[in-house]
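The file coords.txt contains compact mmCIF, C-alpha atoms:
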```txt
# COMPACT_ATOMS: atom_id res chain seq x y z
CA MET K 1 109.21 105.17 9.72
CA ALA K 2 109.54 101.77 8.14
CA ARG K 3 111.59 99.31 10.10
CA THR K 4 113.69 96.49 8.70
CA ARG K 5 111.85 93.25 8.01
CA THR K 6 114.46 90.61 8.74
CA HIS K 7 113.78 89.83 12.40
CA MET K 8 110.02 89.73 12.71
CA GLN K 9 109.31 87.81 9.50
CA GLY K 10 110.46 84.71 11.33
CA ILE K 11 109.20 85.51 14.77
CA GLY K 12 106.13 83.31 14.47
CA THR K 13 108.39 80.34 13.73
CA ARG K 14 110.65 81.24 16.63
CA ILE K 15 107.74 81.42 19.04
CA ALA K 16 106.50 78.05 17.81
CA VAL K 17 109.97 76.63 18.43
CA ALA K 18 110.04 78.27 21.85
CA ALA K 19 106.64 76.80 22.66
CA ALA K 20 108.04 73.36 21.92
CA ALA K 21 110.98 74.16 24.17
CA VAL K 22 108.56 74.98 26.98
CA ALA K 23 107.07 71.53 26.83
CA VAL K 24 110.51 69.88 26.81
CA ALA K 25 112.62 72.03 29.05
CA GLY K 26 110.31 74.50 30.74
CA THR K 27 111.78 77.50 28.96
CA VAL K 28 109.82 80.30 27.34
CA TRP K 29 110.59 82.63 24.41
CA GLY K 30 111.99 85.82 25.84
CA VAL K 31 113.87 84.25 28.75
CA ALA K 32 116.83 83.55 26.50
CA THR K 33 118.23 86.30 24.31
CA ILE K 34 117.01 86.16 20.72
CA VAL K 35 119.49 87.16 18.06
CA GLU K 36 117.84 89.69 15.79
CA PRO K 37 119.28 91.75 12.96
CA GLY K 38 116.32 94.10 12.75
CA HIS K 39 112.65 94.72 13.48
CA ALA K 40 110.14 94.54 10.67
CA THR K 41 107.36 96.83 9.77
CA ASN K 42 105.20 96.48 6.71
CA HIS K 43 103.02 99.58 7.15
CA GLU K 44 104.57 103.03 7.28
CA ASN K 45 101.12 104.50 7.66
CA ALA K 46 100.75 102.97 11.11
CA SER K 47 102.08 106.36 12.13
CA ARG K 48 99.76 108.30 9.84
CA GLN K 49 96.31 106.71 9.97
CA THR K 50 93.64 108.69 11.79
CA ASP K 51 90.12 108.50 13.11
CA ASP K 52 88.76 110.01 9.91
CA PRO K 53 86.63 107.32 8.21
CA ALA K 54 87.36 108.87 4.83
CA LYS K 55 91.08 108.50 5.46
CA ASP K 56 91.51 105.15 7.12
CA GLY K 57 88.20 103.30 6.89
CA ALA K 58 87.40 103.77 10.56
CA THR K 59 83.85 102.95 11.50
CA ASP K 60 81.42 104.40 13.99
CA PRO K 61 81.90 102.45 17.25
CA GLN K 62 78.15 102.66 17.81
CA ALA K 63 77.25 101.26 14.40
CA PRO K 64 75.59 97.81 14.33
CA GLY K 65 78.71 96.18 12.91
CA ASN K 66 81.02 97.72 15.51
CA PRO K 67 79.45 97.74 18.97
CA GLY K 68 82.70 98.57 20.80
CA GLN K 69 83.17 100.97 23.68
CA VAL K 70 85.96 102.87 21.95
CA PRO K 71 86.65 104.25 18.46
CA ASP K 72 88.45 101.92 16.07
CA GLY K 73 90.56 104.64 14.43
CA ILE K 74 94.28 104.35 15.16
CA ALA K 75 95.21 106.58 18.09
CA HIS K 76 98.34 108.71 18.33
CA ALA K 77 97.27 111.72 20.41
CA SER K 78 98.00 112.08 24.12
CA GLU K 79 95.37 112.30 26.82
CA SER K 80 97.54 114.99 28.39
CA GLY K 81 97.21 117.14 25.28
CA GLY K 82 99.44 120.06 24.43
CA ASN K 83 103.02 119.02 23.84
CA ALA K 84 102.80 115.81 25.89
CA VAL K 85 104.64 112.71 24.70
CA ASN K 86 103.44 109.09 24.92
CA ILE K 87 106.11 106.50 25.68
CA THR K 88 105.20 103.03 24.39
CA ILE K 89 107.21 99.83 24.97
CA ASP K 90 106.79 96.75 22.76
CA ASP K 91 107.43 93.00 22.67
CA GLY K 92 107.83 92.13 26.36
CA PRO K 93 107.64 91.53 29.12
CA ASP K 94 111.22 90.30 29.37
CA PRO K 95 112.74 89.19 32.70
CA LEU K 96 116.02 91.02 32.09
CA TRP K 97 115.04 94.19 30.21
CA THR K 98 111.54 95.05 31.43
CA PRO K 99 112.74 95.72 35.01
CA LYS K 100 115.48 98.00 33.66
CA VAL K 101 112.96 99.88 31.52
CA LEU K 102 110.70 100.22 34.54
CA GLU K 103 113.58 101.62 36.58
CA ALA K 104 114.29 104.26 33.93
CA LEU K 105 110.64 105.26 33.81
CA LYS K 106 110.43 105.45 37.60
CA LYS K 107 113.55 107.63 37.73
CA TYR K 108 111.74 110.32 35.74
CA ASP K 109 108.26 109.62 37.15
CA VAL K 110 107.02 108.70 33.66
CA LYS K 111 104.14 106.35 32.91
CA ALA K 112 104.21 104.28 29.73
CA THR K 113 102.07 101.89 27.71
CA PHE K 114 103.45 98.35 27.49
CA CYS K 115 102.44 96.43 24.36
CA MET K 116 102.84 92.81 25.40
CA ILE K 117 103.06 89.49 23.56
CA GLY K 118 100.54 87.00 24.99
CA PRO K 119 102.93 84.10 25.72
CA GLN K 120 105.43 86.52 27.26
CA ALA K 121 102.79 87.82 29.65
CA LYS K 122 101.80 84.28 30.60
CA ALA K 123 105.44 83.37 31.22
CA HIS K 124 106.12 86.42 33.40
CA PRO K 125 102.97 87.35 35.34
CA ASP K 126 105.10 88.95 38.06
CA LEU K 127 106.33 91.51 35.55
CA VAL K 128 102.85 92.18 34.21
CA LYS K 129 101.65 92.79 37.75
CA ARG K 130 104.60 95.08 38.42
CA VAL K 131 103.90 97.10 35.28
CA VAL K 132 100.32 97.63 36.45
CA ALA K 133 101.29 98.29 40.08
CA GLU K 134 103.66 101.05 38.96
CA GLY K 135 100.88 102.86 37.15
CA HIS K 136 101.51 101.90 33.53
CA ARG K 137 98.92 100.71 31.00
CA LEU K 138 98.66 97.49 29.03
CA CYS K 139 98.39 96.95 25.28
CA ASP K 140 97.67 93.76 23.32
CA HIS K 141 100.47 93.00 20.84
CA THR K 142 99.06 89.61 19.71
CA MET K 143 100.22 86.06 20.36
CA ASP K 144 102.92 85.56 17.73
CA HIS K 145 103.85 89.05 16.51
CA ASN K 146 103.08 88.13 12.92
CA THR K 147 103.75 91.22 10.81
CA GLY K 148 101.68 89.63 8.05
CA MET K 149 98.50 89.89 10.14
CA ASP K 150 96.83 92.02 7.50
CA LYS K 151 97.12 89.16 5.01
CA LYS K 152 95.57 86.59 7.33
CA PRO K 153 91.90 85.50 7.57
CA ARG K 154 89.65 87.20 10.08
CA ALA K 155 89.55 84.06 12.22
CA TYR K 156 93.34 84.12 12.56
CA GLN K 157 93.35 87.80 13.51
CA GLU K 158 90.62 87.19 16.07
CA GLN K 159 92.53 84.33 17.68
CA GLN K 160 95.76 86.34 17.80
CA ILE K 161 94.13 89.39 19.36
CA LEU K 162 91.65 87.87 21.78
CA GLU K 163 93.86 85.07 23.07
CA ALA K 164 96.65 87.56 23.80
CA LYS K 165 94.20 89.86 25.58
CA LYS K 166 93.06 86.95 27.73
CA LEU K 167 96.60 85.91 28.68
CA ILE K 168 97.71 89.45 29.49
CA GLU K 169 94.67 90.14 31.66
CA GLU K 170 95.02 86.80 33.44
CA ALA K 171 98.67 87.59 34.15
CA ALA K 172 97.80 91.08 35.42
CA GLY K 173 95.01 89.82 37.67
CA GLY K 174 92.82 91.99 39.83
CA GLY K 175 90.37 92.77 37.05
CA THR K 176 92.97 94.81 35.12
CA LYS K 177 91.95 95.44 31.52
CA VAL K 178 94.04 95.73 28.39
CA GLU K 179 93.18 99.17 27.00
CA TYR K 180 94.94 99.21 23.62
CA TYR K 181 95.74 97.00 20.64
CA ARG K 182 98.86 97.49 18.52
CA ALA K 183 99.19 95.41 15.35
CA PRO K 184 102.64 93.86 14.83
CA GLY K 185 104.58 96.03 12.41
CA GLY K 186 101.53 98.25 12.05
CA ALA K 187 99.65 95.53 10.13
CA PHE K 188 96.20 96.84 11.02
CA THR K 189 93.08 95.96 9.06
CA PRO K 190 89.59 97.46 9.37
CA GLU K 191 88.47 94.09 10.75
CA SER K 192 91.19 93.86 13.39
CA ARG K 193 90.62 97.44 14.49
CA ALA K 194 86.88 96.92 14.79
CA LEU K 195 87.45 93.68 16.69
CA ALA K 196 89.82 95.35 19.13
CA ALA K 197 87.46 98.27 19.68
CA ALA K 198 84.53 95.93 20.21
CA HIS K 199 86.51 94.40 23.08
CA GLY K 200 87.42 97.75 24.65
CA MET K 201 90.88 98.16 23.12
CA ARG K 202 91.80 101.32 21.20
CA PRO K 203 94.00 100.62 18.16
CA LEU K 204 97.37 102.24 18.89
CA GLY K 205 99.83 103.59 16.35
CA TRP K 206 103.05 105.50 16.71
CA ASN K 207 104.60 108.67 15.31
CA ILE K 208 108.26 108.18 16.17
CA ASP K 209 110.06 104.88 15.64
CA SER K 210 113.16 105.19 17.82
CA LYS K 211 114.87 102.52 15.67
CA ASP K 212 116.10 100.94 18.92
CA PHE K 213 115.38 97.44 17.62
CA SER K 214 118.20 97.70 15.09
CA LYS K 215 120.64 98.62 17.88
CA PRO K 216 122.26 101.62 16.16
CA GLY K 217 123.71 102.93 19.43
CA SER K 218 122.05 104.90 22.21
CA ALA K 219 123.19 108.24 20.78
CA SER K 220 121.58 107.42 17.44
CA ILE K 221 118.34 106.40 19.14
CA LEU K 222 118.26 109.69 21.04
CA ASN K 223 118.96 111.67 17.89
CA THR K 224 116.17 109.84 16.04
CA VAL K 225 113.66 110.82 18.71
CA LYS K 226 114.89 114.41 18.72
CA SER K 227 114.71 114.70 14.93
CA GLU K 228 111.27 113.12 14.65
CA ILE K 229 109.57 114.64 17.70
CA GLY K 230 107.67 116.96 15.39
CA ASN K 231 105.93 113.98 13.77
CA GLY K 232 103.59 113.50 16.71
CA PRO K 233 103.46 112.48 20.34
CA THR K 234 103.75 108.67 20.41
CA VAL K 235 107.25 107.15 20.61
CA LEU K 236 108.05 103.47 20.04
CA PHE K 237 110.65 101.57 22.10
CA HIS K 238 111.13 97.86 22.88
CA ASP K 239 111.78 95.81 26.01
CA GLY K 240 111.68 92.41 24.27
CA GLY K 241 113.05 90.50 21.32
CA GLY K 242 116.74 90.55 22.20
CA ASN K 243 119.41 92.61 23.90
CA ARG K 244 117.84 95.94 24.83
CA ALA K 245 120.83 97.51 26.60
CA GLN K 246 120.91 100.35 24.09
CA THR K 247 117.18 100.91 24.57
CA VAL K 248 117.57 101.24 28.33
CA GLU K 249 120.43 103.73 27.98
CA ALA K 250 118.68 105.70 25.24
CA LEU K 251 115.37 105.75 27.10
CA ASP K 252 117.09 107.36 30.07
CA ASP K 253 118.63 109.94 27.73
CA VAL K 254 115.32 110.61 25.97
CA LEU K 255 113.43 111.05 29.23
CA ALA K 256 116.11 113.42 30.53
CA TRP K 257 115.91 115.42 27.30
CA LEU K 258 112.11 115.60 27.43
CA LYS K 259 112.36 116.90 31.00
CA GLU K 260 114.86 119.54 29.90
CA GLN K 261 112.50 120.56 27.11
CA GLY K 262 109.58 120.84 29.53
CA ARG K 263 107.69 118.13 27.67
CA PRO K 264 105.24 116.23 29.89
CA THR K 265 104.37 112.60 29.24
CA GLY K 266 101.02 110.86 29.17
CA PHE K 267 98.97 108.00 27.81
CA PRO K 268 97.55 107.67 24.30
CA VAL K 269 93.91 108.66 23.98
CA ILE K 270 91.31 105.92 24.28
CA THR K 271 88.10 107.71 23.42
CA GLY K 272 89.53 110.94 22.02
CA PRO K 273 90.71 111.90 18.53
CA SER K 274 93.73 110.20 17.02
CA ALA K 275 95.86 113.10 15.85
```
Would it be possible to restate this file's structure as structure tokens?
Amino acid sequence: MARTRTHMQGIGTRIAVAAAAVAVAGTVWGVATIVEPGHATNHENASRQTDDPAKDGATDPQAPGNPGQVPDGIAHASESGGNAVNITIDDGPDPLWTPKVLEALKKYDVKATFCMIGPQAKAHPDLVKRVVAEGHRLCDHTMDHNTGMDKKPRAYQEQQILEAKKLIEEAAGGGTKVEYYRAPGGAFTPESRALAAAHGMRPLGWNIDSKDFSKPGSASILNTVKSEIGNGPTVLFHDGGGNRAQTVEALDDVLAWLKEQGRPTGFPVITGPSA
């Protein structure tokens, strides 16, 4: 499930550059298309970790060191159970591609989980509000999408997670809460998972990487989902980080195929088991 590293290794630098551009020209990262050759992941086992403390170091959410409302094991299972599929969308919101993704989801009456970058949410509160208004859920995808999060000090991880949560919830308004946390590239640590859980966010993994970020063609994206659907219920797509035309086309194809297969869709579990 590993994804190529080239793009996201430099994303923190690009966001820093974009932040400077905001001050000078009023632009924000994500409004302009970012050229990306690939999307990095540094943890294949983001799709394999479970709630089992013996397997992934998960802690009891009621233990003194982890007073969160939700488990800190990485979730994959669907609240809808059975053969339901969870659609998850990363790296937005984006003013061009997020509306197109939302249209595809609406066409098939599918609800998804949107894993948002903090500055993107702040830049596009109208899109965050639309995502919520259309019945989708929100996920914290940090401030800078640093795929080296697991190598950073706890203080850095805390800033990345909690500041993004704050910006996303402020953009959503109306008391909406961010219900999940997804580490960039799957770079979870026991500390970051416990921190997210302590603030009401279930760590969220994935089972199927659609490979849409590498833009292999919509047919290839569809075939990847079909071939990996047996891995588990949670599928990873993107609405940010560059041209997502292939994602939009493939998402429509995937949702049509799931409907043909009689596969319902749902949200990842929050308090339930991970597998």
_Show me, as a list in words, the residues that have an atom within 7 Å of Glu249 (chain K) when counting only C-alpha atoms, minus same-chain residues fewer than 4 positions from it._
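Selected residues are Ser218, Ala245 and Asp253 of chain K.
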*From the list K:Ala84, K:Ile117, K:Val128, K:Met201, which residue is nearest Gln160 (chain K) when using all atoms listed in the file?*
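Comparing K:Ala84, K:Ile117, K:Val128, K:Met201 against Gln160 (chain K), the winner is K:Ile117.
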*Out of K:Cys139, K:Leu251, K:Ala104, K:Ala123, which residue has the shortest atom-to-atom distance to Gly200 (chain K) when counting all atoms listed in the file?*
K:Cys139
*Please indicate the distance in Å from CA of Leu105 (chain K) to CA of Lys259 (chain K), rounded to one decimal place.*
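Atom-to-atom, CA of Leu105 (chain K) and CA of Lys259 (chain K) are spaced 12.1 Å apart.
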*Find the residues near Leu102 (chain K): any atom within 9 Å, counting only C-alpha atoms, skip ones fewer than 3 places away on the same chain, and give them as a ChimeraX atom specification.*
/K:97-99,105-107,130-131,134
*asked:* Report, in Å to a single decimal, how far apart CA of Ser274 (chain K) and CA of Ala133 (chain K) are.
replied: 27.0 Å
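Distances to Arg263 (chain K) were evaluated for K:Arg202, K:Gly81, K:Gln69, K:Asp150 using all atoms listed in the file, and the minimum falls at K:Gly81.
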*Pick out the closest residue to Pro233 (chain K) from this set: K:Ala219, K:Ile208, K:Val248, K:Val178. Count only C-alpha atoms.*
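Ranking K:Ala219, K:Ile208, K:Val248, K:Val178 by distance to Pro233 (chain K), first place goes to K:Ile208.
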*Between CA of Pro190 (chain K) and CA of Leu204 (chain K), what is the distance, to one decimal in Å?*
13.2 Å
*Can you list, as a VMD selection string, every protein, DNA or RNA residue that comes within 8 Å of Val269 (chain K) when you count all atoms listed in the file, leaving out same-chain residues fewer than 3 positions away?*
chain K and resid 75 to 79 272 to 274
Taking C-alpha atoms for each residue, export the selection above as a short mmCIF file (atom, residue, chain, number, x, y, z; two decimals), in the coordinates of the input.
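File produced: part03.cif:
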```cif
data_model
loop_
_atom_site.label_atom_id
_atom_site.label_comp_id
_atom_site.auth_asym_id
_atom_site.auth_seq_id
_atom_site.Cartn_x
_atom_site.Cartn_y
_atom_site.Cartn_z
CA ALA K 75 95.21 106.58 18.09
CA HIS K 76 98.34 108.71 18.33
CA ALA K 77 97.27 111.72 20.41
CA SER K 78 98.00 112.08 24.12
CA GLU K 79 95.37 112.30 26.82
CA GLY K 272 89.53 110.94 22.02
CA PRO K 273 90.71 111.90 18.53
CA SER K 274 93.73 110.20 17.02
#
```
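Checking K:Glu260, K:Glu191, K:Asp209, K:Glu228 one by one against Asp72 (chain K), counting all atoms listed in the file, you find the shortest gap at K:Glu191.
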_Residue nearest Asp144 (chain K) - candidates K:Gly185, K:Gly174, K:Gly262, K:Pro125, atoms counted: only C-alpha atoms_ = K:Gly185
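When the distance limit is 10 Å and all atoms listed in the file are what count, the residues near Arg154 (chain K), minus those fewer than 3 positions from it on the same chain, are Met149, Asp150, Lys151, Gln157, Glu158, Gln159, Gln160, Thr189, Glu191, Ser192 and Leu195 of chain K.
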